[in-house]
file entry-v8.json (JSON, C-alpha atoms)
[["chain", "number", "residue", "atom", "x", "y", "z"],
["A", 203, "MET", "CA", 85.59, 85.03, 71.72],
["A", 204, "ALA", "CA", 87.87, 87.97, 72.49],
["A", 205, "GLU", "CA", 87.60, 90.84, 70.03],
["A", 206, "ILE", "CA", 90.90, 91.33, 68.18],
["A", 207, "VAL", "CA", 91.72, 95.04, 68.09],
["A", 208, "GLU", "CA", 94.73, 96.28, 66.15],
["A", 209, "VAL", "CA", 95.94, 99.46, 67.84],
["A", 210, "ALA", "CA", 97.89, 102.12, 65.97],
["A", 211, "ASP", "CA", 98.59, 104.56, 68.82],
["A", 212, "PRO", "CA", 100.51, 103.42, 71.93],
["A", 213, "ALA", "CA", 98.84, 106.28, 73.81],
["A", 214, "ASP", "CA", 95.38, 104.75, 73.27],
["A", 215, "PRO", "CA", 93.53, 105.08, 76.62],
["A", 216, "ARG", "CA", 92.19, 101.54, 76.28],
["A", 217, "LEU", "CA", 95.70, 100.31, 77.10],
["A", 218, "ALA", "CA", 95.67, 101.85, 80.60],
["A", 219, "ASP", "CA", 95.98, 98.48, 82.39],
["A", 220, "PHE", "CA", 99.40, 97.97, 80.80],
["A", 221, "ARG", "CA", 101.15, 101.30, 81.34],
["A", 222, "ASP", "CA", 104.24, 102.14, 83.41],
["A", 223, "LEU", "CA", 105.04, 98.59, 84.43],
["A", 224, "ARG", "CA", 108.51, 99.51, 85.68],
["A", 225, "ASP", "CA", 107.12, 101.79, 88.41],
["A", 226, "VAL", "CA", 106.55, 99.23, 91.18],
["A", 227, "ASP", "CA", 104.93, 101.60, 93.70],
["A", 228, "LEU", "CA", 102.59, 103.03, 91.07],
["A", 229, "ARG", "CA", 101.61, 99.61, 89.77],
["A", 230, "VAL", "CA", 100.98, 98.14, 93.21],
["A", 231, "SER", "CA", 98.68, 101.01, 94.17],
["A", 232, "LEU", "CA", 96.96, 101.10, 90.77],
["A", 233, "GLU", "CA", 96.33, 97.36, 90.71],
["A", 234, "ALA", "CA", 94.96, 97.37, 94.25],
["A", 235, "GLU", "CA", 92.72, 100.36, 93.49],
["A", 236, "HIS", "CA", 91.28, 98.82, 90.33],
["A", 237, "GLY", "CA", 91.22, 95.21, 91.52],
["A", 238, "LEU", "CA", 93.41, 93.83, 88.76],
["A", 239, "PHE", "CA", 96.70, 92.02, 88.26],
["A", 240, "LEU", "CA", 98.90, 91.38, 85.23],
["A", 241, "ALA", "CA", 100.17, 88.09, 83.86],
["A", 242, "GLU", "CA", 103.28, 88.18, 81.66],
["A", 243, "GLY", "CA", 104.24, 85.50, 79.14],
["A", 244, "ALA", "CA", 102.01, 83.07, 77.29],
["A", 245, "LYS", "CA", 102.43, 80.27, 79.84],
["A", 246, "VAL", "CA", 101.61, 82.53, 82.79],
["A", 247, "VAL", "CA", 98.63, 84.07, 80.97],
["A", 248, "ARG", "CA", 97.32, 80.59, 80.22],
["A", 249, "ARG", "CA", 97.72, 79.47, 83.83],
["A", 250, "ALA", "CA", 95.81, 82.48, 85.11],
["A", 251, "ALA", "CA", 92.97, 81.73, 82.70],
["A", 252, "ASP", "CA", 93.04, 78.01, 83.54],
["A", 253, "ALA", "CA", 92.78, 78.91, 87.25],
["A", 254, "GLY", "CA", 89.48, 80.64, 86.51],
["A", 255, "PHE", "CA", 90.50, 84.29, 86.77],
["A", 256, "THR", "CA", 88.44, 86.62, 84.58],
["A", 257, "PRO", "CA", 90.43, 88.49, 81.90],
["A", 258, "ARG", "CA", 90.00, 92.25, 81.57],
["A", 259, "ALA", "CA", 92.19, 92.71, 78.47],
["A", 260, "PHE", "CA", 95.01, 91.13, 76.49],
["A", 261, "LEU", "CA", 98.02, 92.89, 74.96],
["A", 262, "LEU", "CA", 99.83, 90.72, 72.40],
["A", 263, "GLN", "CA", 102.41, 90.90, 69.69],
["A", 264, "PRO", "CA", 100.84, 89.62, 66.45],
["A", 265, "LYS", "CA", 102.75, 86.32, 66.58],
["A", 266, "TRP", "CA", 101.12, 85.36, 69.89],
["A", 267, "VAL", "CA", 97.52, 85.67, 68.77],
["A", 268, "ASP", "CA", 97.42, 82.16, 67.28],
["A", 269, "GLY", "CA", 99.41, 80.70, 70.18],
["A", 270, "LEU", "CA", 96.79, 81.88, 72.68],
["A", 271, "ALA", "CA", 93.80, 81.27, 70.42],
["A", 272, "ASP", "CA", 92.17, 78.82, 72.84],
["A", 273, "VAL", "CA", 92.44, 81.29, 75.74],
["A", 274, "LEU", "CA", 91.05, 84.11, 73.60],
["A", 275, "ALA", "CA", 88.20, 81.89, 72.45],
["A", 276, "GLY", "CA", 87.05, 81.48, 76.04],
["A", 277, "SER", "CA", 86.94, 85.20, 76.83],
["A", 278, "ASP", "CA", 84.99, 88.25, 75.77],
["A", 279, "ALA", "CA", 87.76, 90.65, 76.88],
["A", 280, "PRO", "CA", 89.37, 92.80, 74.17],
["A", 281, "CYS", "CA", 92.69, 91.64, 72.72],
["A", 282, "PHE", "CA", 94.86, 94.59, 71.73],
["A", 283, "VAL", "CA", 97.50, 93.74, 69.13],
["A", 284, "LEU", "CA", 100.57, 95.92, 68.65],
["A", 285, "PRO", "CA", 104.06, 95.42, 67.17],
["A", 286, "GLU", "CA", 106.89, 94.80, 69.62],
["A", 287, "ARG", "CA", 108.26, 98.36, 69.51],
["A", 288, "GLU", "CA", 104.87, 99.94, 70.26],
["A", 289, "ILE", "CA", 104.24, 97.53, 73.15],
["A", 290, "GLU", "CA", 107.54, 98.67, 74.65],
["A", 291, "GLN", "CA", 106.30, 102.27, 74.47],
["A", 292, "VAL", "CA", 103.17, 101.28, 76.38],
["A", 293, "THR", "CA", 104.78, 99.17, 79.08],
["A", 294, "GLY", "CA", 108.10, 100.95, 79.47],
["A", 295, "PHE", "CA", 110.24, 97.85, 78.93],
["A", 296, "HIS", "CA", 111.04, 95.21, 76.34],
["A", 297, "LEU", "CA", 108.47, 92.42, 76.55],
["A", 298, "HIS", "CA", 110.55, 89.33, 75.77],
["A", 299, "ARG", "CA", 107.67, 86.88, 75.60],
["A", 300, "GLY", "CA", 105.23, 89.08, 73.71],
["A", 301, "ALA", "CA", 102.11, 88.50, 75.79],
["A", 302, "LEU", "CA", 100.42, 90.36, 78.63],
["A", 303, "ALA", "CA", 96.95, 90.09, 80.09],
["A", 304, "SER", "CA", 95.14, 91.88, 82.88],
["A", 305, "PHE", "CA", 92.79, 89.87, 85.10],
["A", 306, "GLU", "CA", 90.24, 90.63, 87.80],
["A", 307, "ARG", "CA", 91.34, 89.88, 91.34],
["A", 308, "ARG", "CA", 89.18, 87.66, 93.53],
["A", 309, "PRO", "CA", 88.36, 88.14, 97.22],
["A", 310, "LEU", "CA", 90.86, 86.37, 99.43],
["A", 311, "PRO", "CA", 89.66, 83.47, 101.59],
["A", 312, "SER", "CA", 89.81, 83.64, 105.36],
["A", 313, "LEU", "CA", 92.65, 81.91, 107.18],
["A", 314, "ALA", "CA", 90.10, 79.59, 108.77],
["A", 315, "ALA", "CA", 88.87, 78.54, 105.33],
["A", 316, "LEU", "CA", 92.42, 77.57, 104.33],
["A", 317, "VAL", "CA", 93.30, 75.56, 107.44],
["A", 318, "GLY", "CA", 89.94, 74.46, 108.80],
["A", 319, "ALA", "CA", 89.61, 71.10, 107.05],
["A", 320, "PRO", "CA", 90.83, 68.12, 109.11],
["A", 321, "GLY", "CA", 93.73, 65.92, 108.09],
["A", 322, "ARG", "CA", 97.34, 66.41, 107.09],
["A", 323, "LEU", "CA", 98.27, 70.03, 106.44],
["A", 324, "ARG", "CA", 101.36, 72.00, 105.46],
["A", 325, "VAL", "CA", 101.24, 75.82, 105.54],
["A", 326, "ALA", "CA", 103.91, 78.42, 104.76],
["A", 327, "VAL", "CA", 103.70, 81.72, 106.64],
["A", 328, "LEU", "CA", 105.68, 84.59, 105.08],
["A", 329, "GLU", "CA", 106.52, 87.26, 107.63],
["A", 330, "ASP", "CA", 107.26, 90.61, 105.96],
["A", 331, "LEU", "CA", 109.06, 89.29, 102.87],
["A", 332, "VAL", "CA", 109.35, 92.27, 100.54],
["A", 333, "ASP", "CA", 111.06, 90.90, 97.43],
["A", 334, "HIS", "CA", 108.57, 89.94, 94.73],
["A", 335, "GLY", "CA", 111.03, 87.50, 93.17],
["A", 336, "ASN", "CA", 111.45, 85.60, 96.43],
["A", 337, "VAL", "CA", 107.70, 85.48, 96.99],
["A", 338, "GLY", "CA", 107.19, 84.11, 93.47],
["A", 339, "LEU", "CA", 109.86, 81.45, 93.94],
["A", 340, "ILE", "CA", 108.32, 80.38, 97.25],
["A", 341, "PHE", "CA", 104.96, 79.87, 95.56],
["A", 342, "ARG", "CA", 106.66, 77.81, 92.86],
["A", 343, "ASN", "CA", 108.31, 75.70, 95.56],
["A", 344, "ALA", "CA", 105.01, 75.38, 97.42],
["A", 345, "ALA", "CA", 103.22, 74.11, 94.31],
["A", 346, "ALA", "CA", 105.98, 71.65, 93.48],
["A", 347, "LEU", "CA", 106.40, 70.25, 97.00],
["A", 348, "GLY", "CA", 102.87, 69.86, 98.28],
["A", 349, "ILE", "CA", 102.25, 72.92, 100.45],
["A", 350, "ASP", "CA", 98.53, 73.32, 101.01],
["A", 351, "ALA", "CA", 98.36, 77.07, 101.64],
["A", 352, "VAL", "CA", 100.46, 80.22, 102.02],
["A", 353, "VAL", "CA", 99.68, 82.95, 104.56],
["A", 354, "LEU", "CA", 101.14, 86.45, 104.20],
["A", 355, "THR", "CA", 101.56, 89.16, 106.80],
["A", 356, "GLU", "CA", 100.44, 92.65, 105.83],
["A", 357, "ARG", "CA", 103.87, 93.86, 104.71],
["A", 358, "THR", "CA", 104.70, 90.84, 102.55],
["A", 359, "ALA", "CA", 104.93, 91.55, 98.82],
["A", 360, "ASP", "CA", 101.94, 90.90, 96.56],
["A", 361, "PRO", "CA", 102.06, 87.41, 94.98],
["A", 362, "LEU", "CA", 99.93, 88.64, 92.07],
["A", 363, "TYR", "CA", 102.34, 91.43, 91.16],
["A", 364, "ARG", "CA", 103.73, 90.79, 87.66],
["A", 365, "ARG", "CA", 107.29, 89.91, 88.72],
["A", 366, "ALA", "CA", 106.11, 87.53, 91.45],
["A", 367, "SER", "CA", 103.68, 85.68, 89.21],
["A", 368, "LYS", "CA", 106.24, 85.48, 86.40],
["A", 369, "THR", "CA", 108.92, 84.10, 88.73],
["A", 370, "SER", "CA", 106.45, 81.56, 90.06],
["A", 371, "MET", "CA", 105.71, 80.41, 86.49],
["A", 372, "GLY", "CA", 102.04, 81.08, 87.23],
["A", 373, "ASN", "CA", 101.91, 78.85, 90.29],
["A", 374, "VAL", "CA", 100.63, 81.76, 92.39],
["A", 375, "TYR", "CA", 97.29, 81.13, 90.71],
["A", 376, "SER", "CA", 96.99, 77.53, 91.88],
["A", 377, "VAL", "CA", 98.30, 77.62, 95.48],
["A", 378, "PRO", "CA", 95.62, 78.81, 97.96],
["A", 379, "TRP", "CA", 96.75, 81.88, 99.88],
["A", 380, "THR", "CA", 95.54, 84.76, 101.97],
["A", 381, "ARG", "CA", 96.79, 87.82, 103.80],
["A", 382, "ALA", "CA", 96.17, 88.15, 107.53],
["A", 383, "ARG", "CA", 96.65, 90.93, 110.04],
["A", 384, "GLY", "CA", 99.32, 90.38, 112.68],
["A", 385, "ILE", "CA", 101.56, 87.39, 113.22],
["A", 386, "GLU", "CA", 100.16, 86.86, 116.73],
["A", 387, "ASP", "CA", 96.64, 86.51, 115.32],
["A", 388, "ILE", "CA", 97.92, 84.15, 112.62],
["A", 389, "LEU", "CA", 99.64, 81.89, 115.14],
["A", 390, "ARG", "CA", 96.64, 81.88, 117.44],
["A", 391, "GLU", "CA", 94.28, 80.87, 114.67],
["A", 392, "LEU", "CA", 96.65, 78.17, 113.44],
["A", 393, "ARG", "CA", 96.71, 76.65, 116.92],
["A", 394, "GLU", "CA", 92.93, 76.81, 117.13],
["A", 395, "HIS", "CA", 92.93, 74.45, 114.12],
["A", 396, "ASP", "CA", 95.56, 72.12, 115.63],
["A", 397, "VAL", "CA", 98.36, 73.38, 113.41],
["A", 398, "VAL", "CA", 101.83, 73.36, 114.99],
["A", 399, "PRO", "CA", 103.73, 76.58, 114.15],
["A", 400, "VAL", "CA", 107.52, 76.44, 113.74],
["A", 401, "ALA", "CA", 110.00, 79.12, 112.71],
["A", 402, "LEU", "CA", 113.07, 78.72, 110.53],
["A", 403, "THR", "CA", 115.79, 80.52, 112.47],
["A", 404, "LEU", "CA", 119.38, 80.37, 113.68],
["A", 405, "ALA", "CA", 118.35, 80.60, 117.35],
["A", 406, "ASP", "CA", 120.68, 78.91, 119.82],
["A", 407, "ASP", "CA", 117.98, 76.52, 120.99],
["A", 408, "ALA", "CA", 116.82, 75.57, 117.47],
["A", 409, "ILE", "CA", 116.35, 71.92, 116.59],
["A", 410, "THR", "CA", 117.44, 70.62, 113.20],
["A", 411, "LEU", "CA", 115.10, 70.19, 110.28],
["A", 412, "ASP", "CA", 115.77, 66.43, 110.45],
["A", 413, "GLU", "CA", 114.66, 66.39, 114.09],
["A", 414, "LEU", "CA", 111.46, 68.23, 113.17],
["A", 415, "ALA", "CA", 110.75, 65.77, 110.34],
["A", 416, "ALA", "CA", 111.23, 62.85, 112.75],
["A", 417, "MET", "CA", 108.46, 64.22, 114.98],
["A", 418, "ARG", "CA", 105.98, 63.51, 112.15],
["A", 419, "HIS", "CA", 103.59, 66.31, 113.01],
["A", 420, "GLU", "CA", 100.38, 65.88, 111.04],
["A", 421, "ARG", "CA", 99.68, 69.61, 110.74],
["A", 422, "LEU", "CA", 102.56, 72.08, 110.43],
["A", 423, "ALA", "CA", 103.00, 75.76, 109.65],
["A", 424, "PHE", "CA", 106.47, 77.04, 108.72],
["A", 425, "VAL", "CA", 107.23, 80.70, 109.45],
["A", 426, "PHE", "CA", 109.86, 82.30, 107.21],
["A", 427, "GLY", "CA", 111.16, 85.77, 108.00],
["A", 428, "THR", "CA", 112.14, 88.79, 105.99],
["A", 429, "GLU", "CA", 115.11, 88.63, 103.64],
["A", 430, "GLY", "CA", 117.47, 90.57, 105.90],
["A", 431, "ALA", "CA", 116.77, 89.97, 109.58],
["A", 432, "GLY", "CA", 114.81, 86.73, 109.27],
["A", 433, "VAL", "CA", 111.97, 85.83, 111.64],
["A", 434, "HIS", "CA", 111.20, 88.57, 114.15],
["A", 435, "PRO", "CA", 112.63, 87.74, 117.62],
["A", 436, "LYS", "CA", 109.18, 88.13, 119.17],
["A", 437, "THR", "CA", 107.76, 85.65, 116.66],
["A", 438, "GLU", "CA", 110.53, 83.17, 117.48],
["A", 439, "GLN", "CA", 109.32, 83.11, 121.08],
["A", 440, "GLN", "CA", 105.71, 82.40, 120.11],
["A", 441, "VAL", "CA", 106.18, 79.28, 117.97],
["A", 442, "ASP", "CA", 106.32, 75.68, 119.19],
["A", 443, "HIS", "CA", 109.70, 74.90, 117.64],
["A", 444, "ARG", "CA", 112.63, 76.92, 116.35],
["A", 445, "VAL", "CA", 114.21, 75.03, 113.46],
["A", 446, "LEU", "CA", 117.46, 75.35, 111.53],
["A", 447, "ILE", "CA", 118.80, 73.73, 108.37],
["A", 448, "PRO", "CA", 122.21, 72.16, 109.16],
["A", 449, "MET", "CA", 124.96, 73.50, 106.88],
["A", 450, "GLU", "CA", 128.66, 73.14, 106.23],
["A", 451, "PRO", "CA", 131.05, 75.28, 108.31],
["A", 452, "GLY", "CA", 131.38, 78.85, 107.09],
["A", 453, "VAL", "CA", 127.83, 79.12, 105.74],
["A", 454, "ASP", "CA", 125.08, 79.90, 108.19],
["A", 455, "SER", "CA", 122.04, 80.58, 106.02],
["A", 456, "LEU", "CA", 120.33, 80.16, 102.67],
["A", 457, "ASN", "CA", 118.33, 82.56, 100.59],
["A", 458, "VAL", "CA", 114.79, 82.42, 101.97],
["A", 459, "ALA", "CA", 113.35, 80.91, 98.79],
["A", 460, "ALA", "CA", 115.99, 78.16, 98.82],
["A", 461, "ALA", "CA", 115.28, 77.54, 102.52],
["A", 462, "THR", "CA", 111.60, 77.01, 101.78],
["A", 463, "ALA", "CA", 112.41, 74.39, 99.14],
["A", 464, "VAL", "CA", 114.62, 72.43, 101.53],
["A", 465, "THR", "CA", 112.06, 72.68, 104.33],
["A", 466, "PHE", "CA", 109.09, 71.67, 102.18],
["A", 467, "TYR", "CA", 110.96, 68.68, 100.77],
["A", 468, "ALA", "CA", 112.24, 67.44, 104.12],
["A", 469, "THR", "CA", 108.77, 67.51, 105.68],
["A", 470, "ARG", "CA", 106.69, 66.44, 102.70]]

call {"tool": "encode", "arguments": {"input": "entry-v8.json", "output": "structure tokens"}}
result
Amino acid sequence: MAEIVEVADPADPRLADFRDLRDVDLRVSLEAEHGLFLAEGAKVVRRAADAGFTPRAFLLQPKWVDGLADVLAGSDAPCFVLPEREIEQVTGFHLHRGALASFERRPLPSLAALVGAPGRLRVAVLEDLVDHGNVGLIFRNAAALGIDAVVLTERTADPLYRRASKTSMGNVYSVPWTRARGIEDILRELREHDVVPVALTLADDAITLDELAAMRHERLAFVFGTEGAGVHPKTEQQVDHRVLIPMEPGVDSLNVAAATAVTFYATR
């Protein structure tokens, strides 16, 4: 059972996991250095715990203690309780949903471990996506539409960062994922496991998403590019198919998160 600790001073050093949450660069480096991530909101906290992540500490408004009683009962991490105004002093912003928790990160699996099992497979490859909100939405889409794994290039934003996990509604904790070095290495390893890589792009020789679906590939990996430029031109030349989503005249593209939802559904 988590120890309930009522804290009087927002400067208490025991609250270090929860400080300066608005400073993205600081938080990303701090969380990587200390092997932790934050979950925000009671539902997201619960999903992280249900996924088996080990809590380090909880930070709750008093009204959320009873609401998360079952999660607290299964942990020996401290639960720091502060009024709303004092929590805002700690975190640097207004915590609308009154609940935060820090959790221990786990080692990431290898790419081979994610794609090595035989049978039908759907993988999303995120090439240099930098917006945490988009990454979180893609994980939510992946969970909802049957994607088996997500692979990130080195520059792609951290799915466990607070904004990403919140946007995903905690689905980043249930979708298997890993980070791999170099898109060329990713594509090569996918092919070694009989996975057909395709890129979502506006290339002149692209086939339509409907045409791809009609091919009924058993094992597919979808490469989605960065929010601005899309898939790197060199990557486009290394995949088996270049694929576009047909649209009405005057609109040539969708937000990348929306494009993943359409793609996942069409090829489910």

call {"tool": "residues_around", "arguments": {"input": "entry-v8.json", "residues": "Val377 in chain A", "least_positions_apart": "6", "cutoff": "12 Å", "atoms": "all atoms listed in the file", "output": "ChimeraX atom specification"}}
result
/A:249-250,253,316,324-326,338,340-353,361-362,367,370-371

call {"tool": "atom_distance", "arguments": {"input": "entry-v8.json", "atom1": "CA of Ala405 in chain A", "atom2": "CA of Leu339 in chain A"}}
result
24.9 Å

call {"tool": "residues_around", "arguments": {"input": "entry-v8.json", "residues": "range 283-300 of chain A", "least_positions_apart": "2", "cutoff": "8 Å", "atoms": "only C-alpha atoms", "output": "number ranges by chain"}}
result
A: 206-213, 217, 220-224, 242-244, 261-264, 266, 281, 302

call {"tool": "residues_near_point", "arguments": {"input": "entry-v8.json", "point": "(115.5, 79.5, 113.3)", "cutoff": "7 Å", "atoms": "all atoms listed in the file", "output": "number ranges by chain"}}
result
A: 401-405, 408, 444-446

call {"tool": "closest_residue", "arguments": {"input": "entry-v8.json", "among": "A:Ser304, A:Ser231, A:Thr437, A:Ser455", "to": "Arg364 in chain A", "atoms": "all atoms listed in the file"}}
result
A:Ser304

call {"tool": "axis_aligned_box", "arguments": {"input": "entry-v8.json", "around": "range 270-274 of chain A", "padding_each_side": "4 Å", "output": "AutoDock Vina command-line options"}}
result
--center_x 93.9 --center_y 81.5 --center_z 73.1 --size_x 13.7 --size_y 13.3 --size_z 13.3

call {"tool": "closest_residue", "arguments": {"input": "entry-v8.json", "among": "A:Val397, A:Met203, A:Leu270, A:Met449", "to": "Pro320 in chain A", "atoms": "all atoms listed in the file"}}
result
A:Val397

call {"tool": "closest_residue", "arguments": {"input": "entry-v8.json", "among": "A:Gly237, A:Ala218, A:Asp252, A:Asp278", "to": "Ala204 in chain A", "atoms": "only C-alpha atoms"}}
result
A:Asp278

call {"tool": "atom_distance", "arguments": {"input": "entry-v8.json", "atom1": "CA of Leu228 in chain A", "atom2": "CA of Asn336 in chain A"}}
result
20.3 Å
